[in-house]
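Presented below is the structure to which this report refers.
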Amino acid sequence: MSTKYNEIIDEIKDQLAKGLLIAGSKLPSVRQLSEKFSCSKNTVIKAYDELEKEHLIFSVPKSGYYVVNEFQNPDNKNNIIDFLSAGPDKDIMPYIDFQHCINQAIDTYKEELFTYTDQQGLYSLRLQLVKYLQSLQVFTEPERLFIVSGSQQALNLLVSMPFPNGKNNILIEQPTYFGFIESANLQQATTFGIDLSMEGIDFDRLEYMFRNNDIKFFYIVPRFQNPLGHSYTNKEKKRIVELAEKYDVYIVEDDFLGDLDPNTKSDPLFAYNPSGRVIYIKSFSKVFLPGLRVATIVLPRLMINNFSRYKFTSDFNSSVLSQGALEIYLKNGMFSSHVKKIKELYSRKMKHLQEACELLLPNNTLYTKPSSGFYLTIFLPEKVTAKQTVNLLKEQNILVDDAARMFLPEYKKDNLIRLSISQVKENQIHTGVEKLAQCITFIDSKKNDIYRNSFQLL
Ligand SMILES: Cc1ncc(COP(=O)(O)O)c(C=O)c1O
């Protein structure tokens, strides 16, 4: 491309970065720019096309070009080291590929867009999902699948609905995904916990809970758990399913990051009882786009009618546009190649994080060692609280998460912090952990006697 083309792009980006062009404002006409840069109108149109592809501007036929949004100057974000955000890495999201799928979905499903559709979800998407789930060792039929508006919706509905075993209480790993705890809290469900560490769970305790506590289901995140990053072995998963079968307990398997598993031999719990004992949920928010609000749940046949009624009162059906676009994205193979890319990316970032922890954290600070996924948890030394650590790091523009809210009240611990590798830049990981290590050492040396103003170490 000509240098004029690049000059036009650079100038517009520069004006956006300086805030001289704000959302909705009109850009100079093609004629004005071709005169200003002494180039052909064609060159200007091509430059505008490129900016449009980058979603910085949009065109209105017979009117001109407009600014989409204020430009996020990457430099402003560069000094924040973000171990907090849990959405997928924005730098690898296939926006343009997916835009084609959205456009095609609008064409293909224009009639469905104007009406309510199948409560269970587009059949054509369910067919694609059945194929995709096979790659995760989940073999089932489209009739047992529901498309839900995010796995959070599925979890929320399962908390509220009765189960065929007629039991009332829920068992959860401790700690676990905060969204589930919140759902159970708001619905006043009686919830019991079972301790989870990187060594797994105590099976005697699990059996005791299954036998004695009227457990409706055990909610379990089997791979790269949130927040610990823990994964069960196949042997453990098989044992959990056998115990569930023995005591007539259902398993709700939230396999939100299963696609990232580098161990091709690792099975979901579903594989040990595909007939309905295990309810399998697959989110597309972590490996794809959380804004789509699409996930799928595989239910026992016995629960389909009831689930349908609960889903109906929640939102009739999930967004057809999101469903149609995902269907096309799965069908044309783009999804598989995207997953291949992110698998590599996340396991590399996780490895960097662990190397940095090993090298830099004080000896009295322990941490989990997942092989991939999004999360790693740090166990702070005695008397160093997560709250202090989070606050001090924040002052240094380093964001980490206090895991306190991921516990039931009776299990609460105040010395765990969760690091997410999903949005942190690879080249910031080392510095982030270095500052974290300095912060822990500082608080540890002062114990509870911290005077913020004297905090000059970082
Ligand atoms: C373990 C776990 N399950 C489910 C969800 C919710 O995902 P979705 O966007 O599919 O509702 C999250 C979100 O962070 C999560 O961490």
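Residue numbering restarts at 1 for every chain of the structure tokens, chains are lettered A, B, ... in their displayed order, and ligands are numbered from 1 as they appear.
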
Residues contacting ligand 1 - anything with an atom at most 10 Å away, using only C-alpha atoms and all ligand atoms - can you give me those as a PyMOL selection string?
chain A and resi 85-87+148-156+176-180+220-227+253-257+281-296+374-375

Need the shell around range 125-133 of chain A: protein/DNA/RNA residues with any atom at most 9 Å away, counting only C-alpha atoms. Skip same-chain ones fewer than 6 positions apart. Format as a ChimeraX atom specification?
/A:139-143,145-147,282,296,323-324,326-328,330-331,336

Of the candidates A:Phe203, A:Phe163, A:Tyr109, A:Phe58, which one gets nearest to Phe307 in chain A if we count only C-alpha atoms?
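Nearest candidate to Phe307 in chain A out of A:Phe203, A:Phe163, A:Tyr109, A:Phe58: A:Phe163.
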
Å distance separating CA of Asp267 in chain A from CA of Phe218 in chain A, one decimal place
17.8 Å

Distance criterion (only C-alpha atoms): nearest to Asp89 in chain A out of A:Ile440, A:Leu361, A:Asn169, A:Leu345:
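Among the listed residues, the smallest separation from Asp89 in chain A belongs to A:Leu345.
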
Name all residues at most 12 Å from Leu206 in chain A (count only C-alpha atoms; drop same-chain ones fewer than 3 positions away) and give them as a list in words.
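Selected residues are Leu171, Ile172, Glu173, Phe192, Gly193, Ile194, Asp195, Leu196, Gly200, Ile201, Asp202, Phe203, Met209, Phe210, Arg211, Asn212, Asn213, Ile215, Phe218, Glu236, Arg239, Ile240, Val241, Glu242, Leu243, Ala244, Tyr247 and Val249 of chain A.
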
Would you mind telling me which residue in A:Ser160, A:Thr441, A:Ser420, A:Ser38 lies nearest to Gln187 in chain A when using only C-alpha atoms?
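Using only C-alpha atoms, the shortest distance to Gln187 in chain A belongs to A:Ser160.
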
Check range 156-296 of chain A with DSSP on the backbone and list each residue it calls strand (DSSP E or B), as a count of residues only.
32

If I take CA of Lys446 in chain A and CA of Leu366 in chain A, how far is one from the other in Å, to one decimal?
19.5 Å
